[in-house]
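Note: the block below is entry_6.cif and it holds mmCIF, C-alpha atoms.
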data_entry
loop_
_atom_site.label_atom_id
_atom_site.label_comp_id
_atom_site.auth_asym_id
_atom_site.auth_seq_id
_atom_site.Cartn_x
_atom_site.Cartn_y
_atom_site.Cartn_z
CA MET A 5 0.00 0.00 0.00
CA THR A 6 1.36 3.43 -0.94
CA VAL A 7 0.26 6.35 1.19
CA ALA A 8 -1.17 9.31 -0.70
CA LEU A 9 1.17 12.22 -0.23
CA GLU A 10 -0.16 15.58 0.91
CA GLU A 11 -0.49 17.85 -2.11
CA ARG A 12 1.90 20.76 -2.00
CA PRO A 13 3.83 23.02 -4.38
CA GLU A 14 6.78 21.33 -6.00
CA GLY A 15 9.72 21.30 -3.60
CA ALA A 16 7.68 22.51 -0.61
CA LEU A 17 7.64 20.30 2.45
CA ARG A 18 5.17 21.14 5.20
CA PHE A 19 6.63 21.64 8.68
CA PHE A 20 4.22 21.47 11.58
CA SER A 21 5.45 23.39 14.61
CA LEU A 22 4.04 22.92 18.10
CA LYS A 23 1.82 25.95 17.49
CA ASP A 24 0.66 24.54 14.15
CA MET A 25 -0.28 21.27 15.81
CA GLU A 26 -2.04 23.08 18.62
CA ARG A 27 -4.11 24.99 16.06
CA ARG A 28 -4.95 21.68 14.36
CA GLY A 29 -6.23 20.33 17.68
CA VAL A 30 -3.49 17.73 18.13
CA MET A 31 -4.11 15.81 21.34
CA LEU A 32 -1.57 13.40 22.78
CA GLU A 33 -3.96 11.72 25.15
CA ALA A 34 -2.45 8.85 27.10
CA SER A 35 -5.30 6.43 26.38
CA ALA A 36 -5.09 7.00 22.62
CA LEU A 37 -1.31 6.63 22.57
CA HIS A 38 -1.54 3.48 24.66
CA ALA A 39 -3.61 1.95 21.85
CA VAL A 40 -1.08 3.21 19.30
CA ALA A 41 1.76 1.61 21.25
CA ARG A 42 -0.17 -1.68 21.41
CA GLU A 43 -0.41 -1.66 17.61
CA ALA A 44 3.29 -0.84 17.32
CA TRP A 45 4.34 -3.69 19.62
CA ALA A 46 2.18 -6.14 17.66
CA ASP A 47 3.93 -5.12 14.43
CA ILE A 48 7.37 -5.22 16.08
CA ARG A 49 6.64 -8.74 17.34
CA GLU A 50 5.65 -9.87 13.84
CA GLY A 51 8.63 -8.18 12.15
CA ARG A 52 6.47 -5.65 10.32
CA ALA A 53 8.13 -2.70 12.06
CA TYR A 54 11.83 -2.31 12.76
CA GLY A 55 14.47 0.36 13.10
CA LEU A 56 17.84 1.47 14.39
CA LYS A 57 19.29 4.17 16.60
CA SER A 58 22.60 6.01 16.57
CA VAL A 59 23.94 8.50 19.10
CA LEU A 60 26.76 11.01 18.77
CA LEU A 61 28.20 12.36 22.03
CA PRO A 62 30.21 15.58 21.73
CA ARG A 63 33.14 15.69 24.14
CA GLU A 64 32.15 17.57 27.29
CA SER A 65 35.65 19.07 27.46
CA GLU A 66 34.74 21.02 24.32
CA LEU A 67 31.92 22.67 26.24
CA TRP A 68 33.60 23.28 29.60
CA GLY A 69 36.74 24.48 27.87
CA ARG A 70 34.90 27.54 26.58
CA PRO A 71 34.92 30.48 29.03
CA GLU A 72 31.30 31.45 28.39
CA TRP A 73 30.09 28.02 29.55
CA ALA A 74 32.71 26.87 32.05
CA HIS A 75 31.00 28.44 35.08
CA TYR A 76 27.98 26.16 34.57
CA GLN A 77 30.00 22.96 35.11
CA LYS A 78 29.54 22.96 38.88
CA GLU A 79 25.77 22.82 38.36
CA PHE A 80 26.03 19.28 36.98
CA GLU A 81 27.86 17.44 39.77
CA GLY A 82 24.89 15.12 40.41
CA GLU A 83 23.27 15.25 37.00
CA ARG A 84 24.03 13.91 33.55
CA LEU A 85 24.73 16.61 31.02
CA GLY A 86 23.21 14.32 28.40
CA TRP A 87 24.81 16.26 25.55
CA LYS A 88 23.99 14.19 22.49
CA LEU A 89 22.72 14.17 18.95
CA SER A 90 20.59 11.08 18.26
CA THR A 91 19.09 9.73 15.05
CA LEU A 92 16.28 7.16 15.13
CA SER A 93 15.16 5.57 11.87
CA SER A 94 12.32 3.12 11.40
CA VAL A 95 9.93 1.60 8.90
CA ALA A 96 6.45 0.11 9.24
CA PRO A 97 3.97 -1.29 6.70
CA ASP A 98 2.90 2.09 5.26
CA TYR A 99 5.29 4.71 6.61
CA ALA A 100 8.90 5.35 7.52
CA ALA A 101 10.31 8.00 9.84
CA VAL A 102 13.51 9.58 11.04
CA LYS A 103 13.66 11.36 14.37
CA ILE A 104 16.55 13.67 15.21
CA VAL A 105 17.06 14.56 18.87
CA GLY A 106 19.36 17.26 20.17
CA ALA A 107 19.79 17.30 23.94
CA ASN A 108 21.82 19.11 26.57
CA ALA A 109 20.81 19.61 30.21
CA LEU A 110 22.60 22.96 30.01
CA ASN A 111 19.63 24.18 28.00
CA ARG A 112 17.52 24.75 31.10
CA HIS A 113 19.94 27.51 32.14
CA LEU A 114 19.36 29.09 28.75
CA GLY A 115 15.58 29.02 28.95
CA ARG A 116 15.25 26.16 26.48
CA PRO A 117 13.93 22.56 26.74
CA ARG A 118 16.55 19.98 27.72
CA SER A 119 15.92 18.18 24.45
CA THR A 120 14.16 18.94 21.19
CA SER A 121 13.05 16.43 18.59
CA THR A 122 12.25 16.72 14.90
CA ILE A 123 10.43 13.91 13.07
CA ALA A 124 10.35 13.49 9.30
CA LEU A 125 7.56 11.20 8.07
CA PHE A 126 8.00 9.34 4.76
CA ASP A 127 5.94 7.15 2.47
CA LYS A 128 7.16 3.56 2.99
CA VAL A 129 7.41 2.55 -0.69
CA THR A 130 8.80 5.66 -2.36
CA LEU A 131 10.52 7.02 0.75
CA ALA A 132 9.33 10.43 -0.40
CA PRO A 133 8.89 12.84 2.53
CA ILE A 134 5.33 13.59 3.57
CA CYS A 135 5.86 16.18 6.29
CA VAL A 136 8.12 17.24 9.14
CA LEU A 137 6.87 17.54 12.71
CA ASP A 138 8.18 19.15 15.85
CA GLY A 139 8.57 15.92 17.76
CA THR A 140 9.46 17.23 21.22
CA GLU A 141 6.11 16.53 22.85
CA ILE A 142 5.54 13.47 20.68
CA SER A 143 8.80 12.00 21.98
CA ALA A 144 7.91 12.50 25.65
CA ALA A 145 4.42 11.10 25.07
CA ARG A 146 5.71 7.99 23.29
CA THR A 147 8.17 7.30 26.12
CA ALA A 148 5.31 7.36 28.62
CA THR A 149 3.62 4.50 26.74
CA TYR A 150 6.26 2.21 28.24
CA ALA A 151 4.60 2.81 31.61
CA THR A 152 1.08 2.07 30.40
CA THR A 153 2.26 -0.98 28.45
CA THR A 154 4.06 -2.30 31.55
CA VAL A 155 1.02 -1.87 33.77
CA GLU A 156 -1.28 -3.55 31.25
CA ARG A 157 1.12 -6.43 30.75
CA PHE A 158 2.33 -7.19 34.26
CA PHE A 159 -0.44 -5.89 36.53
CA PRO A 160 -3.67 -6.96 34.78
CA GLY A 161 -6.68 -6.61 37.05
CA HIS A 162 -4.61 -5.37 40.01
CA HIS A 163 -5.92 -2.87 42.54
CA ASP A 164 -4.40 -0.56 45.16
CA LEU A 165 -0.94 -0.54 43.60
CA ALA A 166 1.65 1.93 44.86
CA ALA A 167 4.07 3.51 42.38
CA PHE A 168 7.23 5.56 42.80
CA VAL A 169 8.38 7.91 40.02
CA PHE A 170 11.89 9.34 39.98
CA GLY A 171 11.90 12.58 37.99
CA ALA A 172 9.69 15.61 37.52
CA GLY A 173 10.36 16.60 33.91
CA PRO A 174 8.22 16.23 30.77
CA ILE A 175 8.58 12.45 30.62
CA ALA A 176 7.70 11.99 34.30
CA GLU A 177 4.66 14.21 33.77
CA ARG A 178 3.48 12.09 30.85
CA VAL A 179 4.17 8.92 32.84
CA VAL A 180 1.96 10.04 35.72
CA LEU A 181 -0.84 10.98 33.33
CA GLY A 182 -0.43 7.61 31.65
CA LEU A 183 -0.97 5.78 34.93
CA GLY A 184 -4.29 7.59 35.08
CA ILE A 185 -5.81 5.72 32.13
CA PHE A 186 -6.50 2.62 34.20
CA GLU A 187 -9.45 1.94 36.50
CA PRO A 188 -9.65 4.51 39.34
CA ASP A 189 -8.71 1.95 42.00
CA THR A 190 -5.69 0.54 40.14
CA PHE A 191 -3.31 2.87 42.01
CA SER A 192 -3.77 3.85 45.62
CA LYS A 193 -0.89 6.32 45.65
CA VAL A 194 1.94 7.57 43.42
CA PHE A 195 5.07 9.09 44.94
CA ILE A 196 7.21 11.59 43.04
CA ARG A 197 10.84 12.31 43.84
CA SER A 198 13.19 14.65 41.99
CA ARG A 199 16.60 16.22 42.53
CA SER A 200 14.68 19.31 43.59
CA VAL A 201 11.92 18.89 46.15
CA ASP A 202 10.26 21.99 44.72
CA SER A 203 9.97 20.45 41.24
CA ALA A 204 8.38 17.31 42.68
CA VAL A 205 5.91 19.42 44.66
CA GLN A 206 5.11 21.49 41.58
CA LEU A 207 4.49 18.44 39.41
CA ALA A 208 2.23 16.84 42.03
CA ALA A 209 0.23 20.08 42.34
CA LYS A 210 -0.02 20.45 38.56
CA LEU A 211 -1.40 16.95 37.97
CA THR A 212 -3.40 16.22 41.11
CA ALA A 213 -6.72 17.23 39.53
CA ARG A 214 -6.04 15.16 36.41
CA VAL A 215 -5.62 11.73 37.99
CA ALA A 216 -7.79 9.69 40.35
CA PHE A 217 -5.00 8.67 42.74
CA PRO A 218 -3.17 10.83 45.32
CA LEU A 219 0.17 12.28 44.22
CA VAL A 220 2.73 12.64 47.00
CA ALA A 221 5.97 14.57 46.56
CA VAL A 222 8.77 13.10 48.70
CA ASP A 223 12.38 14.02 49.40
CA ASP A 224 13.71 10.54 50.25
CA ASN A 225 13.17 6.86 49.42
CA ALA A 226 11.39 5.89 52.63
CA GLU A 227 8.24 4.87 50.72
CA LEU A 228 10.08 2.95 48.01
CA GLY A 229 10.00 -0.40 49.77
CA GLY A 230 6.21 -0.45 49.73
CA CYS A 231 5.87 0.29 46.00
CA ASP A 232 4.87 -2.30 43.42
CA LEU A 233 6.04 -0.23 40.44
CA VAL A 234 9.16 1.95 40.27
CA ILE A 235 9.76 4.20 37.26
CA THR A 236 13.04 6.03 36.75
CA ALA A 237 12.66 9.04 34.46
CA SER A 238 15.33 11.34 35.82
CA ASN A 239 18.55 12.86 34.54
CA ALA A 240 20.61 11.58 37.47
CA LYS A 241 24.28 10.74 37.01
CA GLY A 242 24.12 7.58 39.09
CA PRO A 243 21.74 5.18 40.85
CA VAL A 244 18.79 6.87 42.53
CA PHE A 245 18.14 4.13 45.09
CA ASP A 246 19.94 1.35 46.94
CA ASP A 247 18.92 -2.25 46.44
CA ALA A 248 18.05 -2.57 50.13
CA GLU A 249 15.51 0.26 49.78
CA ALA A 250 13.48 -1.39 47.03
CA ASN A 251 10.54 -3.76 47.27
CA PRO A 252 12.24 -7.10 46.48
CA HIS A 253 9.35 -8.10 44.18
CA ALA A 254 8.74 -4.78 42.42
CA VAL A 255 8.64 -4.04 38.72
CA THR A 256 11.22 -1.40 37.87
CA LEU A 257 10.83 0.46 34.58
CA HIS A 258 14.13 2.11 33.67
CA LEU A 259 13.71 5.07 31.29
CA GLY A 260 16.85 7.08 32.07
CA GLY A 261 20.60 6.52 32.25
CA ASP A 262 22.59 4.88 35.03
CA GLU A 263 19.78 4.98 37.60
CA THR A 264 19.65 1.46 39.03
CA PRO A 265 22.45 -0.01 41.21
CA ALA A 266 24.59 -3.00 40.24
CA GLN A 267 23.50 -4.91 43.36
CA TYR A 268 19.89 -4.63 42.25
CA ILE A 269 20.72 -5.96 38.78
CA GLN A 270 22.67 -8.87 40.31
CA ARG A 271 19.69 -9.80 42.48
CA VAL A 272 17.22 -9.66 39.59
CA LEU A 273 19.55 -11.83 37.50
CA LYS A 274 19.39 -14.47 40.23
CA THR A 275 15.77 -14.26 41.35
CA GLY A 276 13.74 -12.50 38.66
CA ARG A 277 13.70 -11.35 35.06
CA LEU A 278 15.52 -8.70 33.08
CA VAL A 279 13.80 -7.34 29.98
CA CYS A 280 14.82 -4.75 27.35
CA ASP A 281 12.79 -2.99 24.73
CA ASP A 282 15.67 -4.00 22.43
CA ILE A 283 18.76 -5.77 23.77
CA THR A 284 20.96 -4.76 20.84
CA MET A 285 20.05 -1.06 21.03
CA VAL A 286 20.42 -0.94 24.82
CA SER A 287 23.77 -2.71 24.61
CA ARG A 288 25.23 -0.54 21.86
CA ARG A 289 24.00 2.65 23.47
CA ASN A 290 25.87 1.52 26.64
CA SER A 291 24.68 4.40 28.81
CA GLN A 292 22.07 2.69 30.97
CA SER A 293 22.62 0.68 34.12
CA LEU A 294 22.01 -2.75 32.61
CA ALA A 295 24.37 -2.25 29.67
CA LEU A 296 27.00 -0.68 31.94
CA TYR A 297 26.77 -3.63 34.32
CA PHE A 298 27.95 -5.94 31.54
CA SER A 299 30.45 -3.59 29.91
CA LYS A 300 32.15 -2.90 33.24
CA GLY A 301 32.54 -6.67 33.53
CA GLN A 302 34.47 -6.74 30.24
CA SER A 303 31.57 -8.14 28.23
CA THR A 304 28.46 -6.72 26.57
CA LEU A 305 24.76 -7.03 27.24
CA GLU A 306 24.28 -8.09 23.63
CA THR A 307 26.75 -10.99 23.98
CA LEU A 308 26.16 -12.27 27.49
CA GLY A 309 22.70 -11.03 28.40
CA PRO A 310 20.61 -13.53 26.39
CA LEU A 311 22.67 -16.40 27.81
CA LEU A 312 21.68 -15.22 31.29
CA GLY A 313 18.02 -14.91 30.42
CA VAL A 314 17.75 -11.24 29.43
CA THR A 315 14.79 -10.99 27.06
CA ASN A 316 13.44 -8.60 24.46
CA PHE A 317 10.00 -7.31 25.39
CA SER A 318 8.66 -8.26 21.97
CA ASP A 319 9.82 -11.86 22.49
CA LEU A 320 7.73 -12.41 25.62
CA GLY A 321 4.87 -14.80 25.00
CA ASP A 322 1.30 -13.64 25.42
CA GLU A 323 0.88 -15.87 28.45
CA VAL A 324 3.81 -14.39 30.38
CA GLN A 325 2.80 -12.62 33.57
CA LYS A 326 4.75 -11.55 36.61
CA ARG A 327 4.86 -13.93 39.55
CA GLU A 328 4.15 -12.31 42.90
CA ASP A 329 7.52 -13.38 44.29
CA GLU A 330 9.81 -12.25 41.47
CA PRO A 331 11.42 -8.89 40.70
CA LEU A 332 11.25 -7.60 37.15
CA HIS A 333 13.52 -4.95 35.63
CA ILE A 334 12.69 -3.42 32.24
CA THR A 335 15.26 -1.22 30.49
CA CYS A 336 14.01 1.01 27.67
CA VAL A 337 16.34 2.86 25.33
CA GLY A 338 13.46 4.31 23.29
CA LEU A 339 12.46 2.47 20.14
CA PRO A 340 12.33 4.42 16.86
CA MET A 341 9.25 2.41 15.88
CA LEU A 342 7.21 3.91 18.72
CA ASP A 343 8.06 7.40 17.46
CA LEU A 344 6.94 6.38 13.99
CA TYR A 345 3.59 5.03 15.15
CA VAL A 346 2.81 8.09 17.26
CA ALA A 347 3.84 10.40 14.40
CA LYS A 348 1.63 8.37 12.04
CA TYR A 349 -1.28 8.72 14.46
CA VAL A 350 -0.78 12.48 14.76
CA TYR A 351 -0.51 12.93 11.00
CA GLU A 352 -3.48 10.75 10.03
CA THR A 353 -5.76 11.96 12.83
CA PHE A 354 -5.05 15.68 12.92
CA LEU A 355 -2.79 16.88 10.09
CA LYS A 356 -3.58 15.00 6.88
CA THR A 357 -6.40 17.28 5.82
CA GLU A 358 -6.76 21.03 6.20
CA PRO A 359 -9.10 22.22 8.96
CA ASN A 360 -12.72 22.53 7.79
CA ALA A 361 -11.83 20.83 4.53
#
What is this structure when it is put down as structure tokens?
Amino acid sequence: MTVALEERPEGALRFFSLKDMERRGVMLEASALHAVAREAWADIREGRAYGLKSVLLPRESELWGRPEWAHYQKEFEGERLGWKLSTLSSVAPDYAAVKIVGANALNRHLGRPRSTSTIALFDKVTLAPICVLDGTEISAARTATYATTTVERFFPGHHDLAAFVFGAGPIAERVVLGLGIFEPDTFSKVFIRSRSVDSAVQLAAKLTARVAFPLVAVDDNAELGGCDLVITASNAKGPVFDDAEANPHAVTLHLGGDETPAQYIQRVLKTGRLVCDDITMVSRRNSQSLALYFSKGQSTLETLGPLLGVTNFSDLGDEVQKREDEPLHITCVGLPMLDLYVAKYVYETFLKTEPNA
């Protein structure tokens, strides 16, 4: 099937900014994107959607060596700078896409978002470009689908769950809203912790009227041991909790960098399950706790992980559910295919035709 391209003057390619999409009524509602992600995972599992990711890391010495930026270095003692240029390419049955992400935590001192994304959408067969989208909010919203997918998969029919979210940025915000798509009694409480207590308090206050469960901003991990679901969505430089603090049977969804401790990974290897959205991408990115655990041991996740039972999420059978007595750790590097499916949804639902056409 070849997708009909949007008619436009020869050589003109339509770019949809955030304001353009707002005017078109683009809504990135968590429930709709959860359904989009379900479709994407089905196609990934069947080999109908696939992609690759590459990351270029400028040398931080090039930044701190410049006098106009050097004085900011002390601000990042406990935080990843995350200075990177990423390219995510993917194809699906009818479309292809390339997402380019530029990120630097320094941006917040300059009044800019930490990261910005641009998505180019293509026809699958001709690979002719259809349009270009500001993908910044799309990217955060697609990452939050990992949380809703995890809850649906590993906590079906559960009630009174407690969750702990590390982070208070755009992804954490989308994650919390995503948890709100389930039955009102699914979660009894969600705790939010960030590097700044104020940012956690602000996020809880901002979202409290939009979800059915209480949001509690905390400044330590005292409540972590009682939580069934732990989601790391921070920009921390190192682990944000100790293994002894965690519920030994919790599901941990890892969306950041090096946020989970080696002792925790060792325990899950012995007593539970380790899952990746894509083992190869996580391994080659080598910036997250699971990949670093293997690379620091003079091996790679890609080589040794599968031999130790590390599994791709798409390879899990439909019957797989979490046992009550096992820990589960899910590492997500961010699949290009999820970006493609959300971009496809936005284009086909809101952008393909002119308003009032």
Practice problem: Counting all atoms listed in the file, figure out which residue out of A:Leu67, A:Leu85, A:Leu305, A:Leu56 gets nearest to Val102 of chain A. | Solution: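 Of A:Leu67, A:Leu85, A:Leu305, A:Leu56, the one nearest Val102 of chain A, counting all atoms listed in the file, is A:Leu56.
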Practice problem: Identify, on the basis of only C-alpha atoms, every residue whose closest approach to segment 342-350 of chain A does not exceed 7 Å; exclude the query and any residue fewer than 3 positions from it along the same chain; express the result as JSON, numbers by chain. | Solution: {"A": [30, 37, 40, 41, 44, 94, 100, 101, 142, 143, 146, 339, 353, 354, 355]}
Could you produce a table of the residues of segment 28-86 of chain A lying within 12 Å of segment 190-199 of chain A, with the nearest pair of atoms per residue and their separation in Å rounded to one decimal, using only C-alpha atoms, ordered by chain and increasing residue number, as CSV?
residue,atom,partner,partner_atom,distance
A:Phe80,CA,A:Arg199,CA,11.4
A:Glu81,CA,A:Arg199,CA,11.7
A:Gly82,CA,A:Arg199,CA,8.6
A:Glu83,CA,A:Arg199,CA,8.7
A:Arg84,CA,A:Arg199,CA,11.9
Practice problem: Just the residues within 9 Å of Arg288 of chain A, please, counting all atoms listed in the file, with nothing from its chain fewer than 5 positions along; format it as a ChimeraX atom specification. | Solution: /A:58,283,295,304-306
Under the rule of at most 8 Å, produce a per-residue listing of segment 242-354 of chain A near segment 155-172 of chain A: chain, number, name, the closest pair of atoms, and the distance in Å, as a Markdown table, using all atoms listed in the file.
| residue | atom | partner | partner_atom | distance |
| --- | --- | --- | --- | --- |
| A:Val244 | CA | A:Phe170 | CA | 7.8 |
| A:Gln325 | CA | A:Phe158 | CA | 5.5 |
| A:Lys326 | CA | A:Phe158 | CA | 5.5 |
Quiz item: Between A:Gly55, A:Pro133, A:Pro71, A:Pro62, which is the closest to Thr91 of chain A once you count only C-alpha atoms?
Solution: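 So, comparing all the options, the nearest one is A:Gly55.
Separating atom CA of Thr149 of chain A from atom CA of Val95 of chain A is a distance of 19.1 Å.
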Quiz prompt | Residue with smallest distance to Val337 of chain A - pool A:Gly69, A:Gly86, A:Gly182, A:Gly260, counting only C-alpha atoms | solution = A:Gly260
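Here atom CA of Arg28 of chain A stands at a distance of 14.9 Å from atom CA of Glu141 of chain A.
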Quiz item: When you draw a straight line from atom CA of Ala266 of chain A to atom CA of Ala240 of chain A, how long is it in Å?
Solution: 15.4 Å
Quiz item: For Ala213 of chain A, which of A:Thr236, A:Phe19, A:Glu26, A:Gly184 is the closest residue, counting only C-alpha atoms?
Solution: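 Between A:Thr236, A:Phe19, A:Glu26, A:Gly184, the residue approaching Ala213 of chain A most closely is A:Gly184.
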Practice problem: Find the residue from A:Leu110, A:Ala53, A:Leu296, A:Ala148 that sits nearest to Gln77 of chain A; use all atoms listed in the file when measuring. | Solution: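 When distances to Gln77 of chain A are compared using all atoms listed in the file, the smallest one comes from A:Leu110.
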Quiz item: Neighbours of Ile48 of chain A within 10 Å (only C-alpha atoms; same-chain residues fewer than 5 positions away dropped), as a list in words?
Solution: Arg42, Glu43, Ala53, Tyr54, Gly55, Ala96, Phe317, Ser318, Asp319, Met341 and Leu342 of chain A
Exercise. Evaluate the PyMOL selection byres ((chain A and resi 123) around 9) here and jot the selected residues down as number ranges by chain.
Key: A: 101-105, 121-122, 124-125, 135-140, 343-344, 347
